[in-house]
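Q: Sharing model-v4.cif below, mmCIF, C-alpha atoms:
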```cif
data_run
#
loop_
_atom_site.label_atom_id
_atom_site.label_comp_id
_atom_site.auth_asym_id
_atom_site.auth_seq_id
_atom_site.Cartn_x
_atom_site.Cartn_y
_atom_site.Cartn_z
CA MET A 459 139.89 62.50 92.60
CA VAL A 460 136.77 61.68 90.57
CA GLY A 461 134.47 58.78 91.30
CA ALA A 462 134.57 55.39 89.62
CA SER A 463 131.08 56.04 88.24
CA SER A 464 132.52 58.48 85.70
CA TRP A 465 134.16 55.46 84.05
CA THR A 466 131.09 53.22 84.11
CA PRO A 467 130.00 54.22 80.57
CA VAL A 468 133.46 53.37 79.21
CA ALA A 469 133.35 50.00 80.95
CA GLU A 470 129.91 49.28 79.48
CA ARG A 471 131.13 49.96 75.96
CA LEU A 472 134.19 47.78 76.40
CA ARG A 473 132.00 44.95 77.73
CA ALA A 474 129.77 45.36 74.68
CA SER A 475 132.89 44.79 72.57
CA GLY A 476 133.60 41.52 74.37
CA TRP A 477 136.03 42.64 77.06
CA ARG A 478 135.76 41.60 80.70
CA VAL A 479 136.03 44.83 82.67
CA HIS A 480 136.36 45.54 86.38
CA VAL A 481 136.09 49.08 87.77
CA PRO A 482 137.19 48.75 91.41
CA ASP A 483 135.68 51.46 93.61
CA VAL A 484 137.53 52.19 96.85
CA LEU A 485 134.76 54.63 97.81
CA ALA A 486 131.90 52.16 97.40
CA THR A 487 131.46 51.73 101.16
CA THR A 488 133.12 54.86 102.56
CA ASP A 489 133.57 58.53 101.75
CA VAL A 490 137.13 58.53 103.09
CA LEU A 491 139.79 58.04 100.44
CA PRO A 492 142.47 55.61 101.68
CA PRO A 493 146.07 56.85 101.90
CA TRP A 494 147.93 57.11 98.60
CA ARG A 495 150.55 54.54 99.62
CA SER A 496 147.91 51.92 100.40
CA LEU A 497 145.89 52.23 97.19
CA PRO A 498 147.89 49.82 94.96
CA SER A 499 147.49 46.90 97.36
CA ILE A 500 143.82 47.77 97.96
CA TYR A 501 143.06 47.82 94.24
CA ALA A 502 144.95 44.56 93.67
CA SER A 503 143.00 42.88 96.50
CA MET A 504 139.70 43.93 94.91
CA LEU A 505 140.44 42.01 91.70
CA THR A 506 139.84 38.27 91.42
CA LEU A 507 140.99 37.27 87.96
CA ASP A 508 141.76 34.04 86.13
CA GLN A 509 144.34 35.66 83.84
CA PRO A 510 146.64 38.70 83.89
CA PRO A 511 144.70 41.86 82.98
CA PHE A 512 145.42 45.06 81.18
CA VAL A 513 145.44 47.71 83.91
CA VAL A 514 144.08 51.10 82.92
CA GLY A 515 145.11 54.12 84.97
CA TYR A 516 143.61 57.59 84.56
CA SER A 517 144.89 60.97 85.73
CA LEU A 518 146.72 60.52 89.07
CA SER A 519 146.02 56.80 88.83
CA THR A 520 148.49 56.24 86.01
CA VAL A 521 151.02 55.90 88.82
CA LEU A 522 148.73 53.50 90.65
CA ALA A 523 148.36 51.36 87.53
CA ALA A 524 152.12 50.88 87.41
CA ALA A 525 152.18 50.22 91.15
CA VAL A 526 149.44 47.58 90.93
CA ALA A 527 151.79 45.66 88.64
CA GLY A 528 154.04 45.20 91.65
CA HIS A 529 151.26 43.30 93.42
CA MET A 530 149.98 41.01 90.66
CA PRO A 531 150.86 39.75 87.17
CA VAL A 532 149.56 42.07 84.45
CA ARG A 533 149.38 41.80 80.68
CA GLY A 534 149.97 45.47 80.02
CA LEU A 535 149.39 49.02 81.21
CA VAL A 536 147.23 51.69 79.58
CA MET A 537 147.81 55.19 80.91
CA VAL A 538 145.08 57.73 80.19
CA ASP A 539 145.70 61.48 80.53
CA GLY A 540 148.16 61.29 83.40
CA GLU A 541 151.86 61.36 84.17
CA ILE A 542 154.22 58.56 83.21
CA PRO A 543 155.74 57.60 86.56
CA ALA A 544 159.41 57.04 87.27
CA ASP A 545 160.65 53.56 86.42
CA SER A 546 160.85 52.72 90.14
CA GLY A 547 161.24 54.28 93.57
CA SER A 548 159.27 56.82 95.57
CA ALA A 549 156.20 58.24 93.81
CA VAL A 550 153.96 61.03 95.06
CA PRO A 551 150.51 62.02 93.73
CA GLY A 552 151.08 64.42 90.84
CA ARG A 553 153.92 66.64 89.73
CA GLU A 554 155.32 69.37 91.99
CA THR A 555 153.67 72.24 90.09
CA PHE A 556 150.30 70.53 90.50
CA ARG A 557 150.74 70.09 94.24
CA LYS A 558 151.77 73.73 94.61
CA PHE A 559 148.59 74.73 92.79
CA ILE A 560 146.23 72.70 94.95
CA ALA A 561 148.01 73.83 98.13
CA THR A 562 146.59 77.30 97.42
CA LEU A 563 143.06 75.85 97.49
CA ALA A 564 143.18 74.40 101.00
CA ASP A 565 141.01 75.95 103.71
CA ALA A 566 142.19 76.90 107.20
CA ASP A 567 142.02 73.25 108.27
CA GLY A 568 144.01 72.06 105.27
CA ARG A 569 140.95 70.58 103.53
CA LEU A 570 140.65 70.79 99.77
CA PRO A 571 137.40 71.35 97.89
CA ILE A 572 136.15 68.58 95.61
CA TRP A 573 138.04 68.19 92.33
CA SER A 574 135.48 69.96 90.13
CA ASP A 575 135.86 73.11 92.27
CA TRP A 576 139.63 73.25 91.84
CA TRP A 577 139.32 74.79 88.39
CA ARG A 578 137.00 77.77 89.02
CA ASP A 579 139.63 80.37 88.09
CA HIS A 580 142.25 78.15 86.49
CA PRO A 581 143.41 79.19 82.99
CA GLY A 582 143.14 75.57 81.88
CA ARG A 583 139.51 75.18 82.97
CA ALA A 584 138.33 74.58 79.39
CA LEU A 585 140.60 71.53 79.20
CA THR A 586 138.91 69.87 82.18
CA GLY A 587 135.48 69.35 80.60
CA VAL A 588 133.73 70.54 83.77
CA ASP A 589 131.58 73.12 82.00
CA GLU A 590 130.57 70.68 79.28
CA LEU A 591 129.54 68.03 81.81
CA ALA A 592 127.63 70.64 83.83
CA LYS A 593 125.22 71.11 80.90
CA ASP A 594 123.56 67.89 82.09
CA ALA A 595 122.44 68.86 85.59
CA ALA A 596 121.58 65.33 86.75
CA ALA A 597 124.81 63.80 85.45
CA TYR A 598 126.85 66.61 86.97
CA ALA A 599 125.17 66.26 90.36
CA ALA A 600 125.97 62.54 90.39
CA PHE A 601 129.54 63.29 89.30
CA GLU A 602 130.02 65.75 92.16
CA ARG A 603 128.51 63.36 94.73
CA ASP A 604 131.15 60.77 93.87
CA GLN A 605 134.12 63.08 94.46
CA PRO A 606 135.95 62.65 97.77
CA ARG A 607 137.25 65.54 99.84
CA VAL A 608 140.76 65.15 101.17
CA SER A 609 143.27 67.23 103.08
CA PHE A 610 146.29 68.60 101.28
CA SER A 611 148.40 66.32 103.50
CA TRP A 612 147.01 63.39 101.46
CA PHE A 613 149.16 64.64 98.58
CA GLU A 614 152.30 64.64 100.72
CA ASP A 615 152.28 60.85 100.94
CA ALA A 616 154.49 58.62 98.79
CA LEU A 617 154.37 55.01 97.65
CA ASP A 618 157.25 52.71 96.76
CA LEU A 619 157.03 51.87 93.07
CA ALA A 620 158.49 48.51 92.04
CA PRO A 621 160.29 48.36 88.65
CA TRP A 622 157.68 48.26 85.90
CA LYS A 623 159.54 49.36 82.73
CA HIS A 624 159.55 45.79 81.41
CA ILE A 625 155.74 45.72 81.21
CA PRO A 626 154.16 46.55 77.81
CA ALA A 627 152.48 49.94 78.03
CA GLY A 628 150.55 52.42 75.92
CA TYR A 629 149.13 55.90 76.31
CA VAL A 630 145.82 57.64 75.56
CA GLN A 631 145.87 61.44 75.58
CA ILE A 632 142.42 62.97 75.90
CA SER A 633 143.20 66.59 76.84
CA GLY A 634 145.70 69.31 76.09
CA PHE A 635 147.04 69.02 79.65
CA TYR A 636 149.13 66.05 78.54
CA ASP A 637 150.56 66.99 75.13
CA LYS A 638 154.13 66.69 76.37
CA VAL A 639 153.52 63.43 78.23
CA ALA A 640 151.99 61.84 75.14
CA GLY A 641 155.11 62.90 73.24
CA ASN A 642 157.27 61.24 75.89
CA ALA A 643 155.24 58.05 75.47
CA GLU A 644 155.90 58.13 71.73
CA GLU A 645 159.62 58.60 72.40
CA ARG A 646 159.50 55.44 74.51
CA GLY A 647 158.09 53.59 71.52
CA TRP A 648 154.69 53.08 73.13
CA PRO A 649 151.50 52.92 71.08
CA VAL A 650 149.74 56.26 71.58
CA VAL A 651 146.23 57.44 70.73
CA ARG A 652 145.57 61.20 70.86
CA LEU A 653 141.97 62.38 71.20
CA ASN A 654 140.83 65.97 70.82
CA GLY A 655 138.84 66.14 74.03
CA THR A 656 138.95 67.20 77.66
CA HIS A 657 140.09 65.53 80.85
CA LEU A 658 136.52 64.32 81.46
CA HIS A 659 136.35 62.63 78.05
CA PRO A 660 135.56 59.24 79.67
CA ALA A 661 132.31 60.70 81.03
CA LEU A 662 131.56 62.90 78.03
CA GLN A 663 132.62 60.64 75.16
CA PRO A 664 132.78 57.10 76.57
CA GLY A 665 132.54 55.39 73.19
CA GLU A 666 135.55 57.22 71.79
CA THR A 667 137.49 56.68 75.00
CA ALA A 668 136.69 52.95 75.02
CA ALA A 669 137.74 52.61 71.38
CA ALA A 670 141.08 54.27 72.13
CA ILE A 671 141.74 51.93 75.06
CA GLU A 672 140.78 48.93 72.95
CA THR A 673 143.18 50.07 70.22
CA ILE A 674 146.04 50.26 72.71
CA CYS A 675 145.25 46.87 74.25
CA ASN A 676 145.13 45.22 70.83
CA LYS A 677 148.49 46.74 69.93
CA LEU A 678 150.02 45.55 73.20
CA GLY A 679 148.72 42.05 72.49
#
```
Have the structure of the file written as structure tokens, please.
A:
Amino acid sequence: MVGASSWTPVAERLRASGWRVHVPDVLATTDVLPPWRSLPSIYASMLTLDQPPFVVGYSLSTVLAAAVAGHMPVRGLVMVDGEIPADSGSAVPGRETFRKFIATLADADGRLPIWSDWWRDHPGRALTGVDELAKDAAAYAAFERDQPRVSFSWFEDALDLAPWKHIPAGYVQISGFYDKVAGNAEERGWPVVRLNGTHLHPALQPGETAAAIETICNKLG
């Protein structure tokens, strides 16, 4: 629900460390977000690689990272501040409590506001990082321009997740939203890095975020 540009600084720091990094942007040529079920194949088709990559998924896209592995060989998965999806089967965007929350935000036509407006009165607003990013007016304006608007019906879609449990995976927690999920990752025996940040840590602290991802990738081999 946030634009690929918010991850550009992380990608730049990883490249500076010697990694080859691709940040596929499905909104580069359109302002219409493709259906949830079609995103894994779209992302996979945007990557032309000479070796299996580590696939990094953030927020809702942790599910998509696992799904991409059903379309191409991957070296490992790095999930950043999102849910750990089921091992296989039908997968919807976000947990049920999340979808119930955003359903209350839809207008009369079923349209949702952009992501940064979801949290105006939410008790967890401080965990998002929205207010911190807004201190830089130019950066925040660019961040908001990159956010798509979708209808709530977009979240009622489901994709078919191929088995992925056999793929090496690790987890980076960057906000308090995902304390429990990070604990679940540790119970699975995954390498886990916990950062004391907000959900927008990739935009606010790209160096620290990049270092955490690099740590996980090195541990996964």
Q: Between atom CA of A:Gln631 and atom CA of A:Arg646, what is the spacing in Å?
A: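 A separation of 14.9 Å between them.
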Q: Which residues come within 12 Å of A:Glu541, counting all atoms listed in the file, excluding same-chain residues fewer than 2 positions away, as a PyMOL selection string?
A: chain A and resi 515-524+536-539+543-545+549-554+556+629-631+635-643
Q: Could you tell me which of A:Ala597, A:Leu658, A:Val608, A:Met530 comes closest to A:Pro492 if we count all atoms listed in the file?
A: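 Using all atoms listed in the file, A:Pro492 sits closest to A:Val608.
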Q: Env of stretch 561-570 of chain A: 9 Å cut, atoms = only C-alpha atoms, seq-sep filter 5 positions within chain, self excluded. Answer as a PDB file with C-alpha atoms, in the frame of the given file.
A:
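In the end it all went to around28.pdb:
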```pdb
ATOM      1  CA  PHE A 556     150.300  70.530  90.500  1.00  0.00           C
ATOM      2  CA  TRP A 576     139.630  73.250  91.840  1.00  0.00           C
ATOM      3  CA  ARG A 607     137.250  65.540  99.840  1.00  0.00           C
ATOM      4  CA  VAL A 608     140.760  65.150 101.170  1.00  0.00           C
ATOM      5  CA  SER A 609     143.270  67.230 103.080  1.00  0.00           C
ATOM      6  CA  PHE A 610     146.290  68.600 101.280  1.00  0.00           C
ATOM      7  CA  SER A 611     148.400  66.320 103.500  1.00  0.00           C
TER       8      SER A 611
END
```
Q: What does the PyMOL selection byres ((chain A and resi 495-501) around 6) select in this file, as a PyMOL selection string?
A: chain A and resi 493-494+502-504+522+525-526+616-617
Q: Do you know which residues the PyMOL selection byres ((chain A and resi 669) around 12) returns on this file, as a PDB file with C-alpha atoms, keeping the file's coordinate frame?
A:
```pdb
ATOM      1  CA  VAL A 468     133.460  53.370  79.210  1.00  0.00           C
ATOM      2  CA  ALA A 469     133.350  50.000  80.950  1.00  0.00           C
ATOM      3  CA  GLU A 470     129.910  49.280  79.480  1.00  0.00           C
ATOM      4  CA  ARG A 471     131.130  49.960  75.960  1.00  0.00           C
ATOM      5  CA  LEU A 472     134.190  47.780  76.400  1.00  0.00           C
ATOM      6  CA  ARG A 473     132.000  44.950  77.730  1.00  0.00           C
ATOM      7  CA  ALA A 474     129.770  45.360  74.680  1.00  0.00           C
ATOM      8  CA  SER A 475     132.890  44.790  72.570  1.00  0.00           C
ATOM      9  CA  TRP A 477     136.030  42.640  77.060  1.00  0.00           C
ATOM     10  CA  VAL A 630     145.820  57.640  75.560  1.00  0.00           C
ATOM     11  CA  VAL A 651     146.230  57.440  70.730  1.00  0.00           C
ATOM     12  CA  ARG A 652     145.570  61.200  70.860  1.00  0.00           C
ATOM     13  CA  LEU A 653     141.970  62.380  71.200  1.00  0.00           C
ATOM     14  CA  PRO A 660     135.560  59.240  79.670  1.00  0.00           C
ATOM     15  CA  GLN A 663     132.620  60.640  75.160  1.00  0.00           C
ATOM     16  CA  PRO A 664     132.780  57.100  76.570  1.00  0.00           C
ATOM     17  CA  GLY A 665     132.540  55.390  73.190  1.00  0.00           C
ATOM     18  CA  GLU A 666     135.550  57.220  71.790  1.00  0.00           C
ATOM     19  CA  THR A 667     137.490  56.680  75.000  1.00  0.00           C
ATOM     20  CA  ALA A 668     136.690  52.950  75.020  1.00  0.00           C
ATOM     21  CA  ALA A 670     141.080  54.270  72.130  1.00  0.00           C
ATOM     22  CA  ILE A 671     141.740  51.930  75.060  1.00  0.00           C
ATOM     23  CA  GLU A 672     140.780  48.930  72.950  1.00  0.00           C
ATOM     24  CA  THR A 673     143.180  50.070  70.220  1.00  0.00           C
ATOM     25  CA  ILE A 674     146.040  50.260  72.710  1.00  0.00           C
ATOM     26  CA  CYS A 675     145.250  46.870  74.250  1.00  0.00           C
ATOM     27  CA  ASN A 676     145.130  45.220  70.830  1.00  0.00           C
TER      28      ASN A 676
END
```
Q: Residues near A:Met459, anyone? I mean within 7 Å using all atoms listed in the file, not counting same-chain ones fewer than 6 positions away, as a ChimeraX atom specification.
A: /A:573,605-606
Q: Determine the residue set returned by the PyMOL selection byres ((chain A and resi 462) around 10) for the present structure, and present it as an MDAnalysis selection string.
A: chainID A and resid 459:461 463:466 481:486 601 604:605
Q: Quote the spacing between atom CA of A:Pro467 and atom CA of A:Val650 in Å to one decimal place.
A: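 A separation of 21.8 Å between them.
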Q: Could you give me, as JSON lines, every stretch 600-669 of chain A residue with an atom at most 7 Å from stretch 585-594 of chain A, plus its closest atom pair and distance in Å to one decimal, counting only C-alpha atoms, rows ordered by chain then number?
A:
```
{"residue": "A:Ser633", "atom": "CA", "partner": "A:Leu585", "partner_atom": "CA", "distance": 6.1}
{"residue": "A:Gly634", "atom": "CA", "partner": "A:Leu585", "partner_atom": "CA", "distance": 6.4}
{"residue": "A:Phe635", "atom": "CA", "partner": "A:Leu585", "partner_atom": "CA", "distance": 6.9}
{"residue": "A:Thr656", "atom": "CA", "partner": "A:Leu585", "partner_atom": "CA", "distance": 4.9}
{"residue": "A:His657", "atom": "CA", "partner": "A:Thr586", "partner_atom": "CA", "distance": 4.7}
{"residue": "A:Leu658", "atom": "CA", "partner": "A:Gly587", "partner_atom": "CA", "distance": 5.2}
{"residue": "A:Leu662", "atom": "CA", "partner": "A:Leu591", "partner_atom": "CA", "distance": 6.7}
```
Q: Which is closer to A:Leu535 than all the others in A:Arg478, A:Lys677, A:Ile632, A:Arg583, using all atoms listed in the file?
A: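 Using all atoms listed in the file, A:Leu535 sits closest to A:Lys677.
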Q: Can you work out the spacing between atom CA of A:Gly628 and atom CA of A:Phe613 in Å, to one decimal?
A: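 Atom CA of A:Gly628 sits 25.8 Å away from atom CA of A:Phe613.
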Q: Can I get stretch 648-669 of chain A with N, CA and C atoms filled in, as a PDB file, keeping the file's coordinate frame?
A:
```pdb
ATOM      1  N   TRP A 648     155.996  53.594  72.750  1.00  0.00           N
ATOM      2  CA  TRP A 648     154.690  53.080  73.130  1.00  0.00           C
ATOM      3  C   TRP A 648     153.665  53.362  72.028  1.00  0.00           C
ATOM      4  N   PRO A 649     152.654  52.529  71.907  1.00  0.00           N
ATOM      5  CA  PRO A 649     151.500  52.920  71.080  1.00  0.00           C
ATOM      6  C   PRO A 649     150.762  54.060  71.779  1.00  0.00           C
ATOM      7  N   VAL A 650     150.394  55.069  71.017  1.00  0.00           N
ATOM      8  CA  VAL A 650     149.740  56.260  71.580  1.00  0.00           C
ATOM      9  C   VAL A 650     148.521  56.611  70.727  1.00  0.00           C
ATOM     10  N   VAL A 651     147.417  56.906  71.394  1.00  0.00           N
ATOM     11  CA  VAL A 651     146.230  57.440  70.730  1.00  0.00           C
ATOM     12  C   VAL A 651     145.978  58.832  71.307  1.00  0.00           C
ATOM     13  N   ARG A 652     145.857  59.822  70.434  1.00  0.00           N
ATOM     14  CA  ARG A 652     145.570  61.200  70.860  1.00  0.00           C
ATOM     15  C   ARG A 652     144.128  61.552  70.466  1.00  0.00           C
ATOM     16  N   LEU A 653     143.343  61.956  71.450  1.00  0.00           N
ATOM     17  CA  LEU A 653     141.970  62.380  71.200  1.00  0.00           C
ATOM     18  C   LEU A 653     141.844  63.882  71.451  1.00  0.00           C
ATOM     19  N   ASN A 654     141.024  64.525  70.688  1.00  0.00           N
ATOM     20  CA  ASN A 654     140.830  65.970  70.820  1.00  0.00           C
ATOM     21  C   ASN A 654     139.660  66.230  71.765  1.00  0.00           C
ATOM     22  N   GLY A 655     139.915  66.012  73.055  1.00  0.00           N
ATOM     23  CA  GLY A 655     138.840  66.140  74.030  1.00  0.00           C
ATOM     24  C   GLY A 655     139.259  66.914  75.253  1.00  0.00           C
ATOM     25  N   THR A 656     138.650  66.587  76.372  1.00  0.00           N
ATOM     26  CA  THR A 656     138.950  67.200  77.660  1.00  0.00           C
ATOM     27  C   THR A 656     139.290  66.101  78.658  1.00  0.00           C
ATOM     28  N   HIS A 657     139.687  66.516  79.851  1.00  0.00           N
ATOM     29  CA  HIS A 657     140.090  65.530  80.850  1.00  0.00           C
ATOM     30  C   HIS A 657     138.918  64.635  81.272  1.00  0.00           C
ATOM     31  N   LEU A 658     137.701  65.119  81.109  1.00  0.00           N
ATOM     32  CA  LEU A 658     136.520  64.320  81.460  1.00  0.00           C
ATOM     33  C   LEU A 658     135.952  63.586  80.248  1.00  0.00           C
ATOM     34  N   HIS A 659     136.779  63.343  79.253  1.00  0.00           N
ATOM     35  CA  HIS A 659     136.350  62.630  78.050  1.00  0.00           C
ATOM     36  C   HIS A 659     135.712  61.271  78.366  1.00  0.00           C
ATOM     37  N   PRO A 660     136.206  60.520  79.360  1.00  0.00           N
ATOM     38  CA  PRO A 660     135.560  59.240  79.670  1.00  0.00           C
ATOM     39  C   PRO A 660     134.077  59.386  80.013  1.00  0.00           C
ATOM     40  N   ALA A 661     133.721  60.465  80.689  1.00  0.00           N
ATOM     41  CA  ALA A 661     132.310  60.700  81.030  1.00  0.00           C
ATOM     42  C   ALA A 661     131.542  61.319  79.873  1.00  0.00           C
ATOM     43  N   LEU A 662     132.227  62.158  79.097  1.00  0.00           N
ATOM     44  CA  LEU A 662     131.560  62.900  78.030  1.00  0.00           C
ATOM     45  C   LEU A 662     131.490  62.133  76.713  1.00  0.00           C
ATOM     46  N   GLN A 663     132.543  61.392  76.410  1.00  0.00           N
ATOM     47  CA  GLN A 663     132.620  60.640  75.160  1.00  0.00           C
ATOM     48  C   GLN A 663     133.120  59.217  75.449  1.00  0.00           C
ATOM     49  N   PRO A 664     132.315  58.433  76.157  1.00  0.00           N
ATOM     50  CA  PRO A 664     132.780  57.100  76.570  1.00  0.00           C
ATOM     51  C   PRO A 664     133.062  56.165  75.413  1.00  0.00           C
ATOM     52  N   GLY A 665     132.303  56.275  74.328  1.00  0.00           N
ATOM     53  CA  GLY A 665     132.540  55.390  73.190  1.00  0.00           C
ATOM     54  C   GLY A 665     133.898  55.627  72.567  1.00  0.00           C
ATOM     55  N   GLU A 666     134.253  56.886  72.379  1.00  0.00           N
ATOM     56  CA  GLU A 666     135.550  57.220  71.790  1.00  0.00           C
ATOM     57  C   GLU A 666     136.682  56.830  72.727  1.00  0.00           C
ATOM     58  N   THR A 667     136.478  57.052  74.023  1.00  0.00           N
ATOM     59  CA  THR A 667     137.490  56.680  75.000  1.00  0.00           C
ATOM     60  C   THR A 667     137.694  55.166  75.025  1.00  0.00           C
ATOM     61  N   ALA A 668     136.604  54.419  75.021  1.00  0.00           N
ATOM     62  CA  ALA A 668     136.690  52.950  75.020  1.00  0.00           C
ATOM     63  C   ALA A 668     137.403  52.448  73.778  1.00  0.00           C
ATOM     64  N   ALA A 669     137.102  53.035  72.628  1.00  0.00           N
ATOM     65  CA  ALA A 669     137.740  52.610  71.380  1.00  0.00           C
ATOM     66  C   ALA A 669     139.240  52.853  71.424  1.00  0.00           C
TER      67      ALA A 669
END
```
